[in-house]
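First the structure, in the form of structure tokens, and then the observations on it.
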Amino acid sequence: MTITTSKSSQEKKVTRFDNWWFLVIAVIALLLILIFLVPDPYQRIFVFVQNGIGTTISITGISFLLVLILGLLVALARLSKSWIIKGISTIYVEVVRGIPMMVQLIFWYFAFPSVIQSVGKWLNIQAFVDYRANPVAMAILGLTIGYAAYMSEVYRAGIQSISRGQMEAARSLGMTYIQAMRYVILPQAIRVILPPVGNEFITLLKDSSLVSVVAVADMTRRGREFQAAHFLPIQTWVMIALLYLVMTLFATRVVAWMERKFKMEK
Amino acid sequence: MEPIIHIEEVHKHFGAVHALRGVSLDVEKGEVILIIGPSGSGKSTLLRCINRLEEFDAGRIVVDGIPLDTAENINAVRTEVGMVFQQFNLFPHLTVLDNITLAQKLIRKRSKAESERIARQLLEKVGIPEKESYFPGQLSGGQQQRVAIARALAMNPKIMLFDEPTSALDPEMIQEVLDVMLNLAKEGMTMVVVSHEIGFAKAAADRVILMDGGQIIEMAPPEELFDHPKEERTRLFLSKVL
Ligand SMILES: Nc1ncnc2c1ncn2[C@@H]1O[C@H](COP(=O)(O)OP(=O)(O)OP(=O)(O)O)[C@@H](O)[C@H]1O
Ligand SMILES: [Mg+2]
């Protein structure tokens with residue numbers, strides 16, 4: 001009797017624990033081994049790119065939060081009955097998805113300030129003429145506007161996967177559109193969209209390396225600087241690649257964990 | 001006395017389909033109206049116009065003195081009118097209890113305790129007090145439909161609309177839902193029911209309406225309409241159903 005109960009509780013633990021965490025641990029172990037057992041050059045590289053790690057994480061984190069909000073607003077706009085709102089949001093999504101992310105980032109950092117300055121000269125507004133782009137702010141703006149277009153499609157598919165009867169039942173009880181979305185539609189849609197939202201996060205994390213071309217000192221840019229100064233390309237890029245890998249593998253496991261949690265609650 | 005539902009020359013198009021062709025109907029307080037008719041005749045559309053789930057193109061509908069025009073009025077009418085759907089449309093992510101309390105808390109501004117007390121009373125009334133912590137997916141169709149009725153009643157509606165409430169149910173579950181509806185009718189609830197349950201019509205309906213092609217063809221008390229129909233189209237339809 002005791003044997004069977006202990007066995008079944010053990011089984012439960014095994015199914016709840018996700019074996020792929022070992023891969024995350026293995027990559028972290030490899031990183032630590034390199035840093036502590038081969039300090040020259042790996043520890044030097046790590047120390048050099050350290051602040052770039054923080055920049056990559058915070059740019060990704062802030063952009064992703066904004067993407068979650070803007071993406072939802074765009075999705076609701078695309079589902080709107082008003083053809084003007086629908087039209088504008090559709091054009092936004094189609095235009096943004098048709099331009100490479102790198103080109104968009106370059107536009108926001110190099111071209112957008114010039115636009116503001118020209119408008120300032122034309123309208124005689126000194127504050128606009130003096131406008132200088134802040135690289136980090138422009139990188140976040142660019143990533144947010146670019147990724148919200150993709151995210152809005154994820155939300156839209158999720159919302160549309162919920163049957164029309166759900167909205168009708170909520171509205172017939174007297175709920176407003178916003179209440180029905182908040183309490184009835186979105187809580188159901190989130191189960192559907194969690195995996196693709198997680199994928200968007202991981203893609204955004206990787207694409208954040210593009211901001212290195214617009215003067216942001218992220219991990220990738222710090223790697224290029226180290227390589228330029230010390231010429232150790234293999235060691236430098238192995239180190240940078242491992243750092244990205246730890247983050248993306250970790251994020252993948254967190255998404256998998258959240259998915260299972262939602263399934264269990266259901 | 002003012003009718004509680006006043007429908008006047010209502011027209012509705014879906015693209016090229018003329019789904020309602022000038023429907024007029026007055027429903028008195030406490031009346032039970034049954035609507036029958038062939039598929040596609042506009043029964044659901046008429047019902048859905050009464051709480052404005054469907055916009056109509058022309059005509060006028062006034063519910064309990066409130067004309068269905070502004071967004072504010074539409075919401076006011078919706079809180080007075082409960083609706084029960086063929087597919088139940090319970091919220092699958094919420095327990096039975098939460099299904100019944102959600103709108104009470106949001107719209108009637110009742111406390112959690114108050115709305116739960118009302119929900120439990122209603123579950124008692126529809127005969128499933130023991131299922132409050134179940135999720136809809138764990139209930140039979142008949143039980144789900146009874147929860148849906150309780151959910152609508154929790155808002156204290158003055159009018160209940162039923163769109164084929166038993167046609168998605170296995171035969172052995174139909175009666176338990178009809179019993180709940182019969183009780184409601186006895187208590188004096190104003191009801192508009194789309195259904196082909198002739199037994200329910202004879203037991204509870206004050207008037208039966210036959211719709212065809214987006215129009216009301218005939219309207220009469222049940223005995224009269226079922227046993228001595230005046231219109232040829234009514235006779236034709238009844239011969240197929242009965
Ligand atoms: N959302 C819609 N879009 C397009 N056409 C619709 C829509 N809803 C209903 N119709 C059409 O309007 C007409 C009336 O439909 P309605 O659903 O009111 O019929 P019904 O009498 O309820 O039929 P049933 O007994 O099959 O439920 C039908 O021709 C139907 O095809
Ligand atoms: Mg119908």
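Please note that chains go A, B, ... in the order of the structure tokens, that every chain numbers its residues from 1, and that ligands are numbered from 1 in the order shown.
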> Skipping near chain neighbours, those fewer than 3 positions away, what residues fall within 12 Å of A:Val95 using only C-alpha atoms, listed as a ChimeraX atom specification?
Replying inline: /A:88-92,98-101,104,145-146,149-150
Just the selected residues (N, CA, C and O atoms), exported as a CSV table (one decimal), in the first residue's frame, please.
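Full text of selection_25.csv as output:
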```csv
chain,number,residue,atom,x,y,z
A,88,ILE,N,-6.7,51.4,-41.0
A,88,ILE,CA,-5.4,52.0,-40.5
A,88,ILE,C,-4.6,50.9,-39.9
A,88,ILE,O,-3.4,50.7,-40.2
A,89,SER,N,-5.2,50.1,-39.0
A,89,SER,CA,-4.5,49.0,-38.3
A,89,SER,C,-4.0,48.0,-39.3
A,89,SER,O,-2.9,47.4,-39.1
A,90,THR,N,-4.8,47.7,-40.3
A,90,THR,CA,-4.3,46.7,-41.3
A,90,THR,C,-3.2,47.2,-42.1
A,90,THR,O,-2.2,46.4,-42.3
A,91,ILE,N,-3.2,48.4,-42.5
A,91,ILE,CA,-2.1,49.0,-43.3
A,91,ILE,C,-0.8,49.0,-42.4
A,91,ILE,O,0.2,48.6,-42.9
A,92,TYR,N,-1.0,49.4,-41.1
A,92,TYR,CA,0.2,49.3,-40.2
A,92,TYR,C,0.8,47.9,-40.2
A,92,TYR,O,2.0,47.8,-40.4
A,98,GLY,N,6.3,44.0,-43.9
A,98,GLY,CA,7.0,43.9,-45.2
A,98,GLY,C,8.4,44.6,-45.2
A,98,GLY,O,9.0,44.6,-46.2
A,99,ILE,N,8.8,45.1,-44.1
A,99,ILE,CA,10.1,45.8,-44.1
A,99,ILE,C,11.0,45.1,-43.1
A,99,ILE,O,10.6,44.8,-41.9
A,100,PRO,N,12.3,44.8,-43.5
A,100,PRO,CA,13.2,44.0,-42.6
A,100,PRO,C,13.4,44.8,-41.3
A,100,PRO,O,13.4,46.0,-41.3
A,101,MET,N,13.5,44.0,-40.2
A,101,MET,CA,13.6,44.6,-38.9
A,101,MET,C,14.8,45.6,-38.8
A,101,MET,O,14.8,46.6,-38.2
A,104,GLN,N,14.1,48.9,-40.3
A,104,GLN,CA,13.3,49.7,-39.4
A,104,GLN,C,14.1,50.3,-38.3
A,104,GLN,O,13.9,51.5,-38.0
A,145,ILE,N,7.5,48.8,-32.3
A,145,ILE,CA,6.6,49.0,-33.5
A,145,ILE,C,6.7,47.8,-34.4
A,145,ILE,O,5.7,47.3,-35.0
A,146,GLY,N,7.9,47.3,-34.6
A,146,GLY,CA,8.1,46.1,-35.5
A,146,GLY,C,7.4,44.9,-35.0
A,146,GLY,O,6.6,44.2,-35.7
A,149,ALA,N,3.3,44.4,-34.6
A,149,ALA,CA,2.6,44.0,-35.8
A,149,ALA,C,2.4,42.4,-35.8
A,149,ALA,O,1.4,41.9,-36.1
A,150,TYR,N,3.5,41.7,-35.5
A,150,TYR,CA,3.4,40.3,-35.5
A,150,TYR,C,2.6,39.8,-34.3
A,150,TYR,O,1.8,38.9,-34.4
```
>> ligand 2: which residues are within 8 Å, counting only C-alpha atoms and all ligand atoms? Reply as a PyMOL selection string.
In response: chain B and resi 39-40+42-45+163-164+194
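The space separating atom CA of B:Gln104 from atom CA of B:Arg48 comes to 21.8 Å.
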>> Taking 4 positions as the minimum chain separation for residues in the same chain, which residues sit within 12 Å of B:Gln121 when counting only C-alpha atoms? Answer as a list of chain:residue names.
In response: B:Leu97, B:Ile100, B:Thr101, B:Glu114, B:Ser115, B:Glu116, B:Arg117, B:Lys125, B:Val126, B:Gly127, B:Ile128, B:Pro129, B:Glu130, B:Glu132, B:Val147, B:Ala150, B:Arg151, B:Leu153, B:Ala154
Store the residues of this selection in a file with C-alpha atoms, as an mmCIF file, in the first residue's frame.
```cif
data_model
loop_
_atom_site.group_PDB
_atom_site.id
_atom_site.type_symbol
_atom_site.label_atom_id
_atom_site.label_comp_id
_atom_site.auth_asym_id
_atom_site.auth_seq_id
_atom_site.Cartn_x
_atom_site.Cartn_y
_atom_site.Cartn_z
ATOM 1 C CA LEU B 97 -20.813 29.227 -9.598
ATOM 2 C CA ILE B 100 -23.611 32.678 -12.504
ATOM 3 C CA THR B 101 -21.894 35.332 -10.368
ATOM 4 C CA GLU B 114 -24.530 38.257 -2.139
ATOM 5 C CA SER B 115 -24.054 37.048 -5.722
ATOM 6 C CA GLU B 116 -23.024 33.580 -4.515
ATOM 7 C CA ARG B 117 -26.079 33.373 -2.288
ATOM 8 C CA LYS B 125 -34.296 26.107 -8.288
ATOM 9 C CA VAL B 126 -33.012 24.494 -11.501
ATOM 10 C CA GLY B 127 -32.302 21.287 -9.595
ATOM 11 C CA ILE B 128 -28.488 21.005 -9.560
ATOM 12 C CA PRO B 129 -27.305 22.486 -6.241
ATOM 13 C CA GLU B 130 -24.475 19.938 -5.980
ATOM 14 C CA GLU B 132 -21.542 24.541 -8.198
ATOM 15 C CA VAL B 147 -26.958 26.441 -15.504
ATOM 16 C CA ALA B 150 -29.768 30.147 -13.831
ATOM 17 C CA ARG B 151 -27.067 32.474 -15.161
ATOM 18 C CA LEU B 153 -32.104 34.546 -14.111
ATOM 19 C CA ALA B 154 -29.403 35.829 -11.739
#
```
> Got a sec to check which residues lie within 12 Å of ligand 1, using only C-alpha atoms and all ligand atoms, and send them as a VMD selection string?
Replying inline: (chain A and resid 164 to 165) or (chain B and resid 11 to 21 35 to 49 53 to 56 85 to 87 162 to 165 167 to 168 193 to 196 209 to 216)
> Which is closer to B:Ile159 than all the others in B:Asn183, B:Gln138, B:Gln145, B:Thr190, using only C-alpha atoms?
Replying inline: B:Thr190
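Using only C-alpha atoms, the part of chain B that sits within 8 Å of chain A is made up of Asn51, Leu53, Asn75, Ala76, Arg78, Thr79, Val81, Gly82, Met83, Gln87, Asn89, Leu90, Phe91, His93, Ala103, Leu106, Ile107, Ala152 and Met155 of chain B.
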Please provide as a compact mmCIF listing (two decimals) with all heavy atoms, in the first residue's frame all residues within 6 Å of B:Val10, with the sequence filter that same-chain residues fewer than 5 positions apart are discarded (counting only C-alpha atoms).
```txt
# COMPACT_ATOMS: atom_id res chain seq x y z
N GLY B 22 -40.80 43.06 -42.27
CA GLY B 22 -41.87 43.83 -41.66
C GLY B 22 -42.62 43.06 -40.59
O GLY B 22 -43.80 42.77 -40.72
N VAL B 23 -41.90 42.71 -39.51
CA VAL B 23 -42.52 41.95 -38.42
C VAL B 23 -43.03 42.93 -37.36
O VAL B 23 -42.30 43.82 -36.92
CB VAL B 23 -41.52 40.98 -37.79
CG1 VAL B 23 -42.11 40.30 -36.56
CG2 VAL B 23 -41.08 39.94 -38.82
N ALA B 58 -34.71 48.52 -40.37
CA ALA B 58 -35.82 49.46 -40.35
C ALA B 58 -36.83 48.98 -39.32
O ALA B 58 -36.87 47.80 -38.98
CB ALA B 58 -36.48 49.54 -41.73
N GLY B 59 -37.64 49.91 -38.83
CA GLY B 59 -38.65 49.54 -37.84
C GLY B 59 -38.24 50.01 -36.45
O GLY B 59 -37.24 50.72 -36.28
```
> Where does DSSP see alpha helix (DSSP H) in stretch 3-248 of chain A, if you list the residues as a PyMOL selection string?
Replying inline: chain A and resi 3-16+21-37+39-78+83-97+101-106+112-123+126-129+135-160+164-172+177-180+186-207+219-230+233-248
> Excluding same-chain residues fewer than 5 positions from A:Leu143, what lies within 8 Å of it counting only C-alpha atoms, as a PyMOL selection string?
Replying inline: chain A and resi 63+101+105+204+208
Include all heavy atoms and write out the residues we just selected as a PDB file, in the first residue's frame.
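Below you can see again_9.pdb, which holds the result:
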```
ATOM      1  N   SER A  63      10.811  46.197 -24.337  1.00  0.00           N
ATOM      2  CA  SER A  63      10.153  46.125 -25.644  1.00  0.00           C
ATOM      3  C   SER A  63       9.020  45.105 -25.602  1.00  0.00           C
ATOM      4  O   SER A  63       7.935  45.345 -26.116  1.00  0.00           O
ATOM      5  CB  SER A  63      11.146  45.718 -26.738  1.00  0.00           C
ATOM      6  OG  SER A  63      12.225  46.603 -26.768  1.00  0.00           O
ATOM      7  N   MET A 101      13.468  44.047 -40.187  1.00  0.00           N
ATOM      8  CA  MET A 101      13.616  44.643 -38.857  1.00  0.00           C
ATOM      9  C   MET A 101      14.839  45.558 -38.807  1.00  0.00           C
ATOM     10  O   MET A 101      14.800  46.644 -38.218  1.00  0.00           O
ATOM     11  CB  MET A 101      13.754  43.506 -37.842  1.00  0.00           C
ATOM     12  CG  MET A 101      13.528  43.907 -36.411  1.00  0.00           C
ATOM     13  SD  MET A 101      11.850  44.467 -36.105  1.00  0.00           S
ATOM     14  CE  MET A 101      12.184  46.054 -35.400  1.00  0.00           C
ATOM     15  N   LEU A 105      14.970  49.524 -37.715  1.00  0.00           N
ATOM     16  CA  LEU A 105      15.783  50.058 -36.613  1.00  0.00           C
ATOM     17  C   LEU A 105      16.666  51.197 -37.103  1.00  0.00           C
ATOM     18  O   LEU A 105      16.797  52.232 -36.448  1.00  0.00           O
ATOM     19  CB  LEU A 105      16.644  48.942 -36.012  1.00  0.00           C
ATOM     20  CG  LEU A 105      15.883  47.924 -35.166  1.00  0.00           C
ATOM     21  CD1 LEU A 105      16.759  46.723 -34.843  1.00  0.00           C
ATOM     22  CD2 LEU A 105      15.382  48.571 -33.879  1.00  0.00           C
ATOM     23  N   LEU A 204      12.250  37.821 -30.364  1.00  0.00           N
ATOM     24  CA  LEU A 204      12.596  39.207 -30.032  1.00  0.00           C
ATOM     25  C   LEU A 204      13.937  39.260 -29.305  1.00  0.00           C
ATOM     26  O   LEU A 204      14.776  40.114 -29.592  1.00  0.00           O
ATOM     27  CB  LEU A 204      11.488  39.819 -29.163  1.00  0.00           C
ATOM     28  CG  LEU A 204      11.744  41.226 -28.604  1.00  0.00           C
ATOM     29  CD1 LEU A 204      11.897  42.234 -29.730  1.00  0.00           C
ATOM     30  CD2 LEU A 204      10.605  41.652 -27.692  1.00  0.00           C
ATOM     31  N   SER A 208      17.045  41.212 -30.830  1.00  0.00           N
ATOM     32  CA  SER A 208      17.545  42.405 -30.139  1.00  0.00           C
ATOM     33  C   SER A 208      19.024  42.616 -30.469  1.00  0.00           C
ATOM     34  O   SER A 208      19.541  43.712 -30.305  1.00  0.00           O
ATOM     35  CB  SER A 208      17.332  42.289 -28.632  1.00  0.00           C
ATOM     36  OG  SER A 208      18.289  41.423 -28.078  1.00  0.00           O
TER      37      SER A 208
END
```
> Mind pulling up the distance from atom CA of B:Met173 to atom CA of B:Lys186?
Replying inline: 20.8 Å
>> So that I can see what lies close to B:Ile198, please list as a ChimeraX atom specification the residues with an atom at most 12 Å from it, counting only C-alpha atoms and leaving out residues fewer than 4 positions away in the same chain.
In response: /B:34-36,178,193-194,202-205,208,222-223,225-227,238,241-242
> Please, what distance in Å, to one decimal, runs between atom CA of B:Val32 and atom CA of B:Met191?
Replying inline: 4.7 Å
> Got a sec: who's within 9 Å of A:Pro233, counting only C-alpha atoms, leaving out chain neighbours fewer than 6 positions off, as a ChimeraX atom specification?
Replying inline: /A:224,226-227
Print the selection's residues with N, CA and C atoms to a file, as a compact mmCIF listing (two decimals), in the first residue's frame.
```txt
# COMPACT_ATOMS: atom_id res chain seq x y z
N ARG A 224 31.69 42.63 -30.52
CA ARG A 224 32.43 43.19 -31.66
C ARG A 224 33.56 44.09 -31.19
N PHE A 226 35.16 43.86 -28.33
CA PHE A 226 36.24 43.04 -27.76
C PHE A 226 37.09 42.42 -28.87
N GLN A 227 36.39 41.92 -29.88
CA GLN A 227 37.11 41.29 -30.98
C GLN A 227 38.02 42.29 -31.69
```
